[in-house]
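Undergrad: Below you'll find data-v2.txt; it's compact mmCIF, C-alpha atoms and all ligand atoms.
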```txt
# COMPACT_ATOMS: atom_id res chain seq x y z
CA MET F 13 0.00 0.00 0.00
CA MET F 14 1.32 3.43 -0.90
CA VAL F 15 1.91 5.68 2.13
CA VAL F 16 0.75 9.19 1.28
CA PRO F 17 2.32 11.91 3.41
CA ARG F 18 -0.17 13.93 5.38
CA VAL F 19 0.08 17.60 6.22
CA THR F 20 -1.17 16.85 9.72
CA HIS F 21 1.70 15.06 11.40
CA ALA F 22 3.57 14.81 14.69
CA GLU F 23 7.25 15.64 14.54
CA VAL F 24 9.22 13.80 17.22
CA ASN F 25 12.66 15.07 18.14
CA LEU F 26 14.65 11.98 19.15
CA ALA F 27 17.64 14.09 20.20
CA ALA F 28 15.38 15.84 22.72
CA ILE F 29 14.27 12.47 24.11
CA CYS F 30 17.92 11.43 24.45
CA ARG F 31 18.71 14.69 26.26
CA ASN F 32 15.77 14.18 28.62
CA VAL F 33 16.81 10.61 29.41
CA ARG F 34 20.37 11.79 30.00
CA ALA F 35 18.92 14.33 32.46
CA ALA F 36 17.06 11.50 34.20
CA ARG F 37 20.28 9.49 34.39
CA GLU F 38 22.11 12.46 35.88
CA ALA F 39 19.32 12.95 38.43
CA ALA F 40 19.66 9.31 39.50
CA PRO F 41 23.42 8.72 39.48
CA GLY F 42 24.58 5.14 39.64
CA MET F 43 21.11 3.75 38.92
CA LYS F 44 19.99 1.64 36.01
CA VAL F 45 17.27 3.31 33.97
CA LEU F 46 14.09 1.71 32.69
CA VAL F 47 12.36 4.03 30.21
CA ALA F 48 8.60 3.56 29.99
CA VAL F 49 7.76 3.20 26.29
CA LYS F 50 4.26 1.83 26.82
CA ALA F 51 1.34 3.28 24.86
CA GLN F 52 3.59 3.91 21.87
CA ALA F 53 6.09 5.78 24.02
CA TYR F 54 3.31 8.04 25.29
CA GLY F 55 2.26 8.66 21.69
CA HIS F 56 5.76 9.33 20.36
CA GLY F 57 6.24 5.94 18.66
CA ALA F 58 7.67 3.06 20.70
CA VAL F 59 9.96 1.48 18.12
CA PRO F 60 11.82 4.60 16.89
CA VAL F 61 12.13 5.93 20.45
CA ALA F 62 13.35 2.63 21.90
CA ARG F 63 15.70 1.97 18.99
CA ARG F 64 17.35 5.35 19.39
CA LEU F 65 17.67 5.04 23.18
CA ALA F 66 19.11 1.55 22.77
CA ASP F 67 21.57 2.70 20.10
CA GLU F 68 22.76 5.50 22.38
CA HIS F 69 22.98 3.13 25.38
CA LEU F 70 20.67 5.41 27.33
CA ALA F 71 18.13 2.78 28.46
CA ASP F 72 19.03 -0.33 30.43
CA TRP F 73 15.42 -1.51 30.32
CA PHE F 74 12.17 -0.64 28.58
CA GLY F 75 8.80 -0.73 30.31
CA VAL F 76 5.69 -1.86 28.44
CA ALA F 77 2.08 -2.40 29.49
CA THR F 78 1.06 -5.25 27.18
CA VAL F 79 2.64 -8.33 25.68
CA SER F 80 2.04 -7.01 22.16
CA GLU F 81 3.97 -3.86 22.99
CA GLY F 82 6.94 -6.00 23.99
CA ILE F 83 6.60 -8.20 20.92
CA GLU F 84 6.58 -5.10 18.69
CA LEU F 85 9.93 -4.01 20.15
CA ARG F 86 11.43 -7.47 19.72
CA ALA F 87 10.15 -7.70 16.12
CA ALA F 88 11.98 -4.42 15.46
CA GLY F 89 15.22 -6.05 16.63
CA ILE F 90 15.43 -4.34 20.02
CA ASP F 91 17.13 -6.72 22.44
CA THR F 92 17.26 -4.49 25.52
CA PRO F 93 15.57 -6.14 28.53
CA ILE F 94 11.83 -5.41 28.66
CA LEU F 95 9.67 -5.42 31.79
CA ARG F 96 5.93 -5.64 31.56
CA LEU F 97 4.69 -3.18 34.17
CA SER F 98 1.15 -4.50 34.43
CA HIS F 99 -0.46 -7.82 35.29
CA CYS F 100 0.04 -10.74 32.91
CA PHE F 101 -2.87 -13.17 32.48
CA ALA F 102 -2.05 -16.88 32.49
CA ASP F 103 -3.00 -17.26 28.82
CA GLU F 104 -0.53 -14.53 27.83
CA LEU F 105 2.47 -16.06 29.56
CA ALA F 106 3.73 -18.28 26.73
CA ALA F 107 3.73 -15.40 24.22
CA ALA F 108 5.44 -13.11 26.73
CA MET F 109 8.14 -15.69 27.41
CA ALA F 110 8.69 -16.35 23.72
CA ALA F 111 9.47 -12.63 23.38
CA ASP F 112 11.66 -12.62 26.49
CA ILE F 113 9.51 -10.11 28.31
CA THR F 114 10.25 -10.05 32.03
CA LEU F 115 7.04 -10.30 34.02
CA PRO F 116 5.66 -9.03 37.30
CA VAL F 117 4.24 -11.38 39.91
CA VAL F 118 1.83 -10.18 42.55
CA ASP F 119 0.58 -13.17 44.54
CA ALA F 120 0.84 -16.94 44.95
CA THR F 121 -1.32 -17.61 41.87
CA THR F 122 0.71 -15.47 39.48
CA ILE F 123 3.91 -17.05 40.81
CA ASP F 124 2.60 -20.59 40.41
CA ASP F 125 1.09 -19.92 36.95
CA LEU F 126 4.33 -18.39 35.79
CA ALA F 127 6.44 -21.23 37.15
CA GLN F 128 4.19 -23.74 35.40
CA ALA F 129 4.26 -21.87 32.08
CA ALA F 130 8.05 -21.44 32.33
CA GLY F 131 8.50 -25.16 32.93
CA LYS F 132 6.39 -25.96 29.86
CA VAL F 133 8.56 -23.83 27.56
CA GLY F 134 11.80 -25.10 29.10
CA ARG F 135 12.60 -21.82 30.87
CA ALA F 136 12.19 -22.97 34.46
CA SER F 137 14.26 -20.13 35.95
CA TYR F 138 12.40 -17.34 34.14
CA PRO F 139 13.13 -13.84 35.59
CA VAL F 140 10.34 -12.10 37.48
CA HIS F 141 9.88 -8.90 39.45
CA LEU F 142 7.73 -8.98 42.59
CA ALA F 143 5.32 -6.03 42.74
CA ILE F 144 4.74 -4.73 46.26
CA ASP F 145 1.83 -2.35 46.82
CA THR F 146 2.86 0.33 49.29
CA GLY F 147 0.04 2.74 48.47
CA MET F 148 -0.80 2.85 44.76
CA GLY F 149 -3.66 0.38 45.20
CA ARG F 150 -3.29 -1.03 41.68
CA ILE F 151 -1.27 -4.25 41.50
CA GLY F 152 1.12 -5.83 43.95
CA CYS F 153 1.16 -7.82 47.15
CA ARG F 154 0.73 -6.40 50.63
CA PRO F 155 4.10 -5.45 52.15
CA GLN F 156 3.57 -7.96 54.95
CA ASP F 157 3.24 -10.77 52.38
CA ALA F 158 6.32 -9.83 50.36
CA VAL F 159 8.95 -11.84 52.24
CA GLY F 160 6.89 -15.03 51.93
CA LEU F 161 6.14 -14.44 48.25
CA ALA F 162 9.78 -13.69 47.51
CA ALA F 163 10.63 -17.09 49.02
CA ARG F 164 7.86 -18.74 47.02
CA VAL F 165 9.31 -17.34 43.76
CA VAL F 166 12.60 -19.06 44.57
CA ASP F 167 10.89 -22.27 45.75
CA ARG F 168 9.13 -22.50 42.40
CA GLY F 169 12.49 -22.28 40.64
CA LEU F 170 11.97 -18.80 39.18
CA ASP F 171 14.64 -16.10 39.16
CA LEU F 172 13.66 -13.26 41.52
CA GLN F 173 15.38 -10.53 39.54
CA GLY F 174 13.45 -7.50 40.75
CA LEU F 175 11.39 -5.95 43.55
CA PHE F 176 9.28 -2.89 42.82
CA THR F 177 6.60 -0.57 44.02
CA HIS F 178 4.79 2.40 42.49
CA LEU F 179 4.28 5.92 43.79
CA PRO F 180 0.96 7.69 43.15
CA ILE F 181 1.83 11.15 44.43
CA SER F 182 5.56 11.57 43.96
CA ASP F 183 5.02 14.43 41.49
CA THR F 184 4.06 17.16 43.95
CA PRO F 185 5.47 18.36 47.27
CA ARG F 186 1.93 17.89 48.64
CA GLY F 187 2.64 14.16 48.45
CA ASN F 188 6.07 14.22 50.07
CA GLU F 189 4.96 12.77 53.38
CA PHE F 190 2.97 9.94 51.80
CA THR F 191 5.73 9.12 49.30
CA ARG F 192 8.35 9.12 52.05
CA SER F 193 6.25 6.72 54.09
CA GLN F 194 5.80 4.46 51.03
CA LEU F 195 9.52 4.47 50.38
CA ASP F 196 10.32 3.78 54.05
CA ARG F 197 7.97 0.80 53.97
CA PHE F 198 9.38 -0.43 50.69
CA CYS F 199 12.96 -0.10 52.00
CA ALA F 200 12.05 -2.11 55.12
CA VAL F 201 10.48 -4.91 53.06
CA VAL F 202 13.35 -4.97 50.58
CA ARG F 203 15.88 -5.17 53.42
CA ALA F 204 13.93 -8.04 54.99
CA ILE F 205 13.90 -9.92 51.67
CA GLN F 206 17.59 -9.29 51.05
CA GLN F 207 18.48 -10.41 54.60
CA ALA F 208 16.46 -13.61 54.22
CA ARG F 209 18.27 -14.30 50.96
CA ALA F 210 21.67 -13.62 52.51
CA ALA F 211 20.81 -16.02 55.34
CA ALA F 212 19.97 -18.64 52.72
CA GLY F 213 23.25 -17.99 50.92
CA ARG F 214 21.61 -16.26 47.96
CA ASP F 215 22.72 -13.11 46.16
CA PRO F 216 20.63 -9.98 46.76
CA VAL F 217 17.79 -9.31 44.30
CA PRO F 218 19.64 -7.05 41.84
CA LEU F 219 16.89 -4.74 40.53
CA VAL F 220 15.00 -2.74 43.11
CA HIS F 221 12.88 0.08 41.73
CA ALA F 222 10.20 2.58 42.70
CA ALA F 223 10.85 5.93 41.03
CA ASN F 224 8.61 7.24 38.26
CA SER F 225 9.48 10.69 36.90
CA GLY F 226 8.07 12.42 39.98
CA ALA F 227 10.41 10.49 42.25
CA VAL F 228 13.39 10.82 39.88
CA LEU F 229 12.89 14.59 40.23
CA GLY F 230 12.15 14.69 43.94
CA HIS F 231 12.80 11.56 46.01
CA ARG F 232 15.51 9.08 46.91
CA ALA F 233 15.22 5.51 48.20
CA GLU F 234 18.44 4.02 49.52
CA VAL F 235 17.64 0.43 48.54
CA CYS F 236 16.86 1.18 44.89
CA THR F 237 19.14 0.27 42.01
CA MET F 238 16.91 1.32 39.10
CA VAL F 239 14.52 4.17 38.22
CA ARG F 240 11.54 4.08 35.82
CA PRO F 241 11.00 7.48 34.18
CA GLY F 242 8.29 7.90 31.57
CA ILE F 243 6.86 11.37 31.00
CA MET F 244 10.15 13.17 31.68
CA ALA F 245 11.74 11.29 28.76
CA TYR F 246 9.22 13.01 26.52
CA GLY F 247 9.97 16.44 27.95
CA TYR F 248 7.21 17.07 30.49
CA TYR F 249 7.20 17.32 34.26
CA PRO F 250 4.67 14.90 35.72
CA ASP F 251 2.71 17.67 37.42
CA ALA F 252 2.50 20.74 35.20
CA THR F 253 2.74 23.24 38.01
CA GLU F 254 3.89 21.49 41.19
CA SER F 255 6.68 19.06 40.24
CA PRO F 256 10.14 20.13 41.34
CA ARG F 257 12.28 21.06 38.36
CA PRO F 258 15.88 20.22 39.28
CA VAL F 259 16.63 19.43 35.64
CA SER F 260 15.47 21.13 32.50
CA LEU F 261 13.44 19.07 30.04
CA GLN F 262 12.60 19.68 26.39
CA PRO F 263 9.23 18.61 24.98
CA ALA F 264 9.98 16.26 22.10
CA LEU F 265 6.77 16.42 20.09
CA THR F 266 5.47 19.13 17.77
CA TRP F 267 2.07 18.56 16.21
CA ARG F 268 1.80 20.33 12.89
CA SER F 269 -0.76 20.87 10.17
CA ARG F 270 -1.46 23.41 7.42
CA VAL F 271 -4.27 25.82 6.65
CA SER F 272 -6.53 24.15 4.10
CA PHE F 273 -9.07 26.93 3.48
CA VAL F 274 -9.57 30.62 4.31
CA LYS F 275 -12.80 32.55 3.92
CA VAL F 276 -14.89 35.47 5.16
CA VAL F 277 -17.78 34.63 7.47
CA GLY F 278 -20.31 37.46 7.53
CA ALA F 279 -21.37 39.09 10.81
CA GLY F 280 -24.06 36.94 12.44
CA GLN F 281 -23.24 33.81 10.45
CA THR F 282 -22.25 30.67 12.32
CA VAL F 283 -19.43 28.15 11.99
CA GLY F 284 -19.45 24.39 12.57
CA TYR F 285 -21.73 21.72 13.99
CA GLY F 286 -24.35 22.87 16.43
CA ARG F 287 -23.79 26.49 15.27
CA THR F 288 -21.95 27.26 18.50
CA TRP F 289 -19.79 30.12 17.12
CA THR F 290 -21.30 33.23 15.59
CA ALA F 291 -19.13 35.79 13.80
CA PRO F 292 -19.35 39.03 15.84
CA ASN F 293 -18.48 40.98 12.68
CA ASP F 294 -17.30 40.10 9.21
CA SER F 295 -14.47 37.71 10.10
CA TRP F 296 -11.71 35.72 8.50
CA VAL F 297 -12.00 32.04 9.33
CA ALA F 298 -9.40 29.37 8.52
CA THR F 299 -9.96 25.64 8.28
CA VAL F 300 -7.28 23.20 9.49
CA PRO F 301 -7.42 19.49 8.53
CA ILE F 302 -7.21 18.08 12.05
CA GLY F 303 -9.99 16.86 14.28
CA TYR F 304 -10.97 14.54 17.06
CA GLY F 305 -10.39 11.61 14.68
CA ASP F 306 -6.72 12.56 14.96
CA GLY F 307 -6.87 12.86 18.73
CA TYR F 308 -7.38 16.64 18.79
CA SER F 309 -10.01 16.61 21.50
CA ARG F 310 -13.48 17.98 20.90
CA LEU F 311 -13.04 19.63 24.29
CA ASN F 312 -11.01 22.24 22.37
CA SER F 313 -14.25 23.43 20.74
CA ASN F 314 -14.53 27.21 21.22
CA ARG F 315 -11.72 27.00 23.83
CA GLY F 316 -8.49 25.81 22.25
CA ARG F 317 -6.06 27.75 20.13
CA MET F 318 -3.52 27.07 17.39
CA LEU F 319 -0.48 28.94 16.15
CA VAL F 320 -0.20 30.25 12.59
CA GLY F 321 2.51 32.65 11.39
CA GLY F 322 3.80 32.95 14.97
CA ARG F 323 0.41 34.22 16.21
CA SER F 324 -2.26 32.53 18.26
CA TYR F 325 -5.82 32.06 16.95
CA PRO F 326 -8.80 30.66 18.86
CA VAL F 327 -10.77 27.65 17.73
CA ALA F 328 -14.11 28.80 16.28
CA GLY F 329 -17.01 26.44 16.86
CA ARG F 330 -16.86 22.71 17.44
CA VAL F 331 -13.90 20.58 16.55
CA CYS F 332 -15.10 18.17 13.82
CA MET F 333 -13.81 14.63 13.32
CA ASP F 334 -11.34 15.70 10.61
CA GLN F 335 -11.30 19.50 10.51
CA THR F 336 -11.22 22.48 12.87
CA MET F 337 -11.89 26.14 12.21
CA LEU F 338 -9.95 29.12 13.57
CA ASP F 339 -11.16 32.66 14.13
CA LEU F 340 -8.60 34.90 12.43
CA GLY F 341 -10.28 38.11 13.52
CA PRO F 342 -12.25 40.88 11.81
CA VAL F 343 -12.01 41.73 8.13
CA ARG F 344 -10.34 45.12 7.74
CA PRO F 345 -11.06 47.04 4.55
CA GLY F 346 -8.25 46.69 2.03
CA GLU F 347 -6.33 44.19 4.16
CA PRO F 348 -5.80 40.57 3.14
CA ALA F 349 -6.49 37.61 5.42
CA PRO F 350 -3.75 37.27 8.04
CA VAL F 351 -3.03 33.71 6.94
CA ALA F 352 -3.12 31.85 3.64
CA VAL F 353 -3.88 28.35 2.46
CA GLY F 354 -0.78 26.22 3.00
CA ASP F 355 0.53 28.18 5.99
CA GLU F 356 1.95 26.00 8.73
CA VAL F 357 -0.24 25.48 11.80
CA VAL F 358 1.23 24.36 15.13
CA VAL F 359 -1.33 22.54 17.22
CA LEU F 360 1.14 21.59 19.97
CA GLY F 361 4.67 22.93 20.19
CA THR F 362 6.53 26.12 19.40
CA GLN F 363 6.18 28.46 16.45
CA GLY F 364 8.18 31.67 16.48
CA LYS F 365 7.96 33.13 19.96
CA GLN F 366 4.74 31.30 20.84
CA THR F 367 4.52 27.95 22.59
CA LEU F 368 1.46 25.81 23.05
CA SER F 369 2.38 23.01 25.42
CA ALA F 370 0.77 19.65 26.10
CA ASP F 371 0.28 20.96 29.64
CA GLU F 372 -1.79 23.87 28.29
CA LEU F 373 -3.91 21.57 26.12
CA ALA F 374 -4.28 19.21 29.07
CA ALA F 375 -5.41 21.98 31.43
CA LEU F 376 -8.08 22.98 28.97
CA MET F 377 -9.26 19.38 28.64
CA GLY F 378 -9.15 18.76 32.40
CA THR F 379 -6.43 16.14 32.05
CA ILE F 380 -2.64 15.69 32.06
CA SER F 381 0.04 15.98 29.37
CA TYR F 382 0.34 12.17 29.32
CA GLU F 383 -3.18 11.82 27.92
CA VAL F 384 -2.75 14.61 25.36
CA THR F 385 0.22 12.92 23.68
CA CYS F 386 -1.22 9.39 24.08
CA LEU F 387 -4.41 10.52 22.33
CA ILE F 388 -2.64 11.58 19.13
CA GLY F 389 -4.10 9.00 16.79
CA THR F 390 -2.61 6.41 14.48
CA ARG F 391 -3.89 8.47 11.53
CA VAL F 392 -1.27 11.11 12.38
CA PRO F 393 2.08 10.07 10.90
CA ARG F 394 5.06 10.46 13.21
CA VAL F 395 8.01 12.11 11.54
CA TYR F 396 11.36 11.74 13.29
CA ILE F 397 14.03 14.42 13.49
CA GLY F 398 17.19 14.87 15.56
C1 LIG F 401 4.74 1.05 36.99
C2 LIG F 401 5.12 2.32 36.31
N1 LIG F 401 6.38 2.77 36.42
C3 LIG F 401 6.78 3.91 35.83
C4 LIG F 401 5.91 4.68 35.09
C5 LIG F 401 6.37 5.97 34.49
O1 LIG F 401 5.70 7.04 35.13
P1 LIG F 401 5.95 8.55 34.69
O2 LIG F 401 5.50 8.65 33.28
O3 LIG F 401 5.09 9.34 35.61
O4 LIG F 401 7.39 8.81 34.85
C6 LIG F 401 4.59 4.25 34.95
C7 LIG F 401 3.66 5.04 34.17
O5 LIG F 401 2.53 5.22 34.45
C8 LIG F 401 4.18 3.04 35.58
O6 LIG F 401 2.94 2.58 35.47
```
Could I get this file's structure written as structure tokens?
Ligand SMILES: Cc1ncc(COP(=O)(O)O)c(C=O)c1O

TA:
Amino acid sequence: MMVVPRVTHAEVNLAAICRNVRAAREAAPGMKVLVAVKAQAYGHGAVPVARRLADEHLADWFGVATVSEGIELRAAGIDTPILRLSHCFADELAAAMAADITLPVVDATTIDDLAQAAGKVGRASYPVHLAIDTGMGRIGCRPQDAVGLAARVVDRGLDLQGLFTHLPISDTPRGNEFTRSQLDRFCAVVRAIQQARAAAGRDPVPLVHAANSGAVLGHRAEVCTMVRPGIMAYGYYPDATESPRPVSLQPALTWRSRVSFVKVVGAGQTVGYGRTWTAPNDSWVATVPIGYGDGYSRLNSNRGRMLVGGRSYPVAGRVCMDQTMLDLGPVRPGEPAPVAVGDEVVVLGTQGKQTLSADELAALMGTISYEVTCLIGTRVPRVYIG
């Protein structure tokens, strides 16, 4: 099938991602780094991002959410260790093992299922990471069960390669006390597991990890040997306003399009579905070929803005599935439209002196930058620079 380039595309700066990951490495000296590339590297494209980070030796591990995400990386020739960060169902285990995806275990059942599946494929000592829930409330065993489960992993012949927890409020100083108490609990459990192993003549579990971007930027846990940044690799602080900013990050994605049509809308006429925007006077209106079918949320209707020619123009009317209109302002006698068909439009990113960040789009949609970039659809080609 012929791939036809599309004016609406997302430009991903791989050099910026490398710089951001280097910043994460510098913020966590001596630690291994797992870069979360789940959900297509938060919308940036998992394979190109992972390939580049692997080539530059910037990622020791990649984190995925599904088996298919891991398989996609392996099919692209990426042989960096991969950890699945979420629960693996028993019927997914064989496929995960065939792709050498390291798996989490959370209780006796997941340990036993995994040991059985590993035995069947001749990989009895398959590596696993024990998830310990210290306050996220998502997956993981209770801290008081962790020592017993760690022993069970070994009893079943599996390789206990990692111990991890997750931090729900590490991204704001408001969560410092809770995060500290989580990390203290995690440290205590990890120490107990390591001591039990030492007493049994076993090596310590090598990979101990807790830190998402929020904790990379603001917390330390003495027992940890690895960090797991995600959003900071893509250039955003996990909380748009409250995260500490000890390192400077560069957003990696610019979402571009072009003006497809420019016209005058007479005073009192309306634009778009539902007739929600009425021209206050004779106005120039531009059409841009991007819509909610591309992941440009309909919540931007009559609220969002886009950049054209280094200036900011508000969205006029409702965002359609494939097109969005911009209010270019009043018609002035003898003056041409301020923009022309073909002019570049920046939907997210910087144009001239203006910047429209994923955090700004997220605030308007009542969400976070993570969701804004994840929502950019498969119909939007990713173009790689840097
Ligand atoms: C288990 C786990 N670790 C690390 C991350 C990366 O988090 P962040 O993108 O906030 O750095 C995630 C992402 O949600 C996660 O689920």

Undergrad: Determine, counting all atoms listed in the file, which protein, DNA and RNA residues have an atom within 10 Å of an atom of range 23-34 of chain F; residues of the same chain fewer than 6 positions away are not included. Present the result as a CSV table (one decimal) with C-alpha atoms, keeping the file's coordinate frame.

TA:
```csv
chain,number,residue,atom,x,y,z
F,40,ALA,CA,19.7,9.3,39.5
F,45,VAL,CA,17.3,3.3,34.0
F,46,LEU,CA,14.1,1.7,32.7
F,47,VAL,CA,12.4,4.0,30.2
F,55,GLY,CA,2.3,8.7,21.7
F,56,HIS,CA,5.8,9.3,20.4
F,57,GLY,CA,6.2,5.9,18.7
F,60,PRO,CA,11.8,4.6,16.9
F,61,VAL,CA,12.1,5.9,20.4
F,62,ALA,CA,13.4,2.6,21.9
F,64,ARG,CA,17.4,5.4,19.4
F,65,LEU,CA,17.7,5.0,23.2
F,68,GLU,CA,22.8,5.5,22.4
F,69,HIS,CA,23.0,3.1,25.4
F,70,LEU,CA,20.7,5.4,27.3
F,71,ALA,CA,18.1,2.8,28.5
F,241,PRO,CA,11.0,7.5,34.2
F,242,GLY,CA,8.3,7.9,31.6
F,243,ILE,CA,6.9,11.4,31.0
F,244,MET,CA,10.2,13.2,31.7
F,245,ALA,CA,11.7,11.3,28.8
F,246,TYR,CA,9.2,13.0,26.5
F,247,GLY,CA,10.0,16.4,28.0
F,248,TYR,CA,7.2,17.1,30.5
F,259,VAL,CA,16.6,19.4,35.6
F,260,SER,CA,15.5,21.1,32.5
F,261,LEU,CA,13.4,19.1,30.0
F,262,GLN,CA,12.6,19.7,26.4
F,263,PRO,CA,9.2,18.6,25.0
F,264,ALA,CA,10.0,16.3,22.1
F,265,LEU,CA,6.8,16.4,20.1
F,266,THR,CA,5.5,19.1,17.8
F,267,TRP,CA,2.1,18.6,16.2
F,268,ARG,CA,1.8,20.3,12.9
F,361,GLY,CA,4.7,22.9,20.2
F,392,VAL,CA,-1.3,11.1,12.4
F,393,PRO,CA,2.1,10.1,10.9
F,394,ARG,CA,5.1,10.5,13.2
F,395,VAL,CA,8.0,12.1,11.5
F,396,TYR,CA,11.4,11.7,13.3
F,397,ILE,CA,14.0,14.4,13.5
F,398,GLY,CA,17.2,14.9,15.6
```

Undergrad: Is it possible to get the axis-aligned box enclosing ligand LIG 401 (chain F) (all listed atoms, 3 Å extra per side) as AutoDock Vina command-line options, with centre and edge lengths in Å rounded to one decimal?

TA:
```
--center_x 5.0 --center_y 5.2 --center_z 35.1 --size_x 10.9 --size_y 14.3 --size_z 9.7
```

Undergrad: What does the list of residues within 10 Å of ligand LIG 401 (chain F) look like if you count only C-alpha atoms and all ligand atoms, written as a PDB file with C-alpha atoms, in the coordinates of the input?

TA:
```pdb
ATOM      1  CA  LEU F  46      14.090   1.710  32.690  1.00  0.00           C
ATOM      2  CA  VAL F  47      12.360   4.030  30.210  1.00  0.00           C
ATOM      3  CA  ALA F  48       8.600   3.560  29.990  1.00  0.00           C
ATOM      4  CA  VAL F  49       7.760   3.200  26.290  1.00  0.00           C
ATOM      5  CA  LYS F  50       4.260   1.830  26.820  1.00  0.00           C
ATOM      6  CA  ALA F  51       1.340   3.280  24.860  1.00  0.00           C
ATOM      7  CA  ALA F  53       6.090   5.780  24.020  1.00  0.00           C
ATOM      8  CA  TYR F  54       3.310   8.040  25.290  1.00  0.00           C
ATOM      9  CA  GLY F  75       8.800  -0.730  30.310  1.00  0.00           C
ATOM     10  CA  VAL F  76       5.690  -1.860  28.440  1.00  0.00           C
ATOM     11  CA  ALA F  77       2.080  -2.400  29.490  1.00  0.00           C
ATOM     12  CA  LEU F  95       9.670  -5.420  31.790  1.00  0.00           C
ATOM     13  CA  ARG F  96       5.930  -5.640  31.560  1.00  0.00           C
ATOM     14  CA  LEU F  97       4.690  -3.180  34.170  1.00  0.00           C
ATOM     15  CA  SER F  98       1.150  -4.500  34.430  1.00  0.00           C
ATOM     16  CA  ALA F 143       5.320  -6.030  42.740  1.00  0.00           C
ATOM     17  CA  MET F 148      -0.800   2.850  44.760  1.00  0.00           C
ATOM     18  CA  ARG F 150      -3.290  -1.030  41.680  1.00  0.00           C
ATOM     19  CA  ILE F 151      -1.270  -4.250  41.500  1.00  0.00           C
ATOM     20  CA  PHE F 176       9.280  -2.890  42.820  1.00  0.00           C
ATOM     21  CA  THR F 177       6.600  -0.570  44.020  1.00  0.00           C
ATOM     22  CA  HIS F 178       4.790   2.400  42.490  1.00  0.00           C
ATOM     23  CA  LEU F 179       4.280   5.920  43.790  1.00  0.00           C
ATOM     24  CA  PRO F 180       0.960   7.690  43.150  1.00  0.00           C
ATOM     25  CA  ILE F 181       1.830  11.150  44.430  1.00  0.00           C
ATOM     26  CA  SER F 182       5.560  11.570  43.960  1.00  0.00           C
ATOM     27  CA  ASP F 183       5.020  14.430  41.490  1.00  0.00           C
ATOM     28  CA  HIS F 221      12.880   0.080  41.730  1.00  0.00           C
ATOM     29  CA  ALA F 222      10.200   2.580  42.700  1.00  0.00           C
ATOM     30  CA  ALA F 223      10.850   5.930  41.030  1.00  0.00           C
ATOM     31  CA  ASN F 224       8.610   7.240  38.260  1.00  0.00           C
ATOM     32  CA  SER F 225       9.480  10.690  36.900  1.00  0.00           C
ATOM     33  CA  GLY F 226       8.070  12.420  39.980  1.00  0.00           C
ATOM     34  CA  ALA F 227      10.410  10.490  42.250  1.00  0.00           C
ATOM     35  CA  VAL F 228      13.390  10.820  39.880  1.00  0.00           C
ATOM     36  CA  LEU F 229      12.890  14.590  40.230  1.00  0.00           C
ATOM     37  CA  VAL F 239      14.520   4.170  38.220  1.00  0.00           C
ATOM     38  CA  ARG F 240      11.540   4.080  35.820  1.00  0.00           C
ATOM     39  CA  PRO F 241      11.000   7.480  34.180  1.00  0.00           C
ATOM     40  CA  GLY F 242       8.290   7.900  31.570  1.00  0.00           C
ATOM     41  CA  ILE F 243       6.860  11.370  31.000  1.00  0.00           C
ATOM     42  CA  MET F 244      10.150  13.170  31.680  1.00  0.00           C
ATOM     43  CA  ALA F 245      11.740  11.290  28.760  1.00  0.00           C
ATOM     44  CA  TYR F 246       9.220  13.010  26.520  1.00  0.00           C
ATOM     45  CA  TYR F 248       7.210  17.070  30.490  1.00  0.00           C
ATOM     46  CA  TYR F 249       7.200  17.320  34.260  1.00  0.00           C
ATOM     47  CA  PRO F 250       4.670  14.900  35.720  1.00  0.00           C
ATOM     48  CA  ASP F 251       2.710  17.670  37.420  1.00  0.00           C
ATOM     49  CA  SER F 381       0.040  15.980  29.370  1.00  0.00           C
ATOM     50  CA  TYR F 382       0.340  12.170  29.320  1.00  0.00           C
TER      51      TYR F 382
END
```

Undergrad: Between CA of Trp73 in chain F and CA of Ala204 in chain F, what distance in Å does the model show, to one decimal?

TA: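 Atom-to-atom, CA of Trp73 in chain F to CA of Ala204 in chain F, that is 25.6 Å.
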
Undergrad: Work out how far CA of Ser255 in chain F is from CA of Ser324 in chain F, in Å to one decimal.

TA: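 Between CA of Ser324 in chain F and CA of Ser255 in chain F the gap is 27.3 Å.
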
Undergrad: CA of Gly286 in chain F and CA of Arg270 in chain F are how many Å apart?

TA: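 For CA of Gly286 in chain F relative to CA of Arg270 in chain F, the distance reads 24.6 Å.
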
Undergrad: Which one is closest to Pro326 in chain F: F:Arg344, F:Asp355, F:Ala298, F:Arg197? Count only C-alpha atoms.

TA: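 Closest to Pro326 in chain F, using only C-alpha atoms: F:Ala298.
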
Undergrad: My list of candidates is F:Val353, F:Cys386, F:Ala127, F:Ala163. Which is closest to Ala212 in chain F when distances are computed with all atoms listed in the file?

TA: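 Distance minimum relative to Ala212 in chain F lands on F:Ala163.
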
Undergrad: Between F:Ala349, F:Leu387, F:Ile113, F:Cys236, which has the minimum distance to Gly303 in chain F (counting all atoms listed in the file)?

TA: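 When distances to Gly303 in chain F are compared using all atoms listed in the file, the smallest one comes from F:Leu387.
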
Undergrad: Applying 9 Å and only C-alpha atoms, which residues near Ala107 in chain F remain after dropping the ones on its own chain fewer than 5 positions away? List them as a PyMOL selection string.

TA: chain F and resi 79-80+83+112-113

Undergrad: For Glu347 in chain F, which of F:Trp296, F:Asp103, F:Arg330, F:Lys365 is the closest residue, counting all atoms listed in the file?

TA: F:Trp296
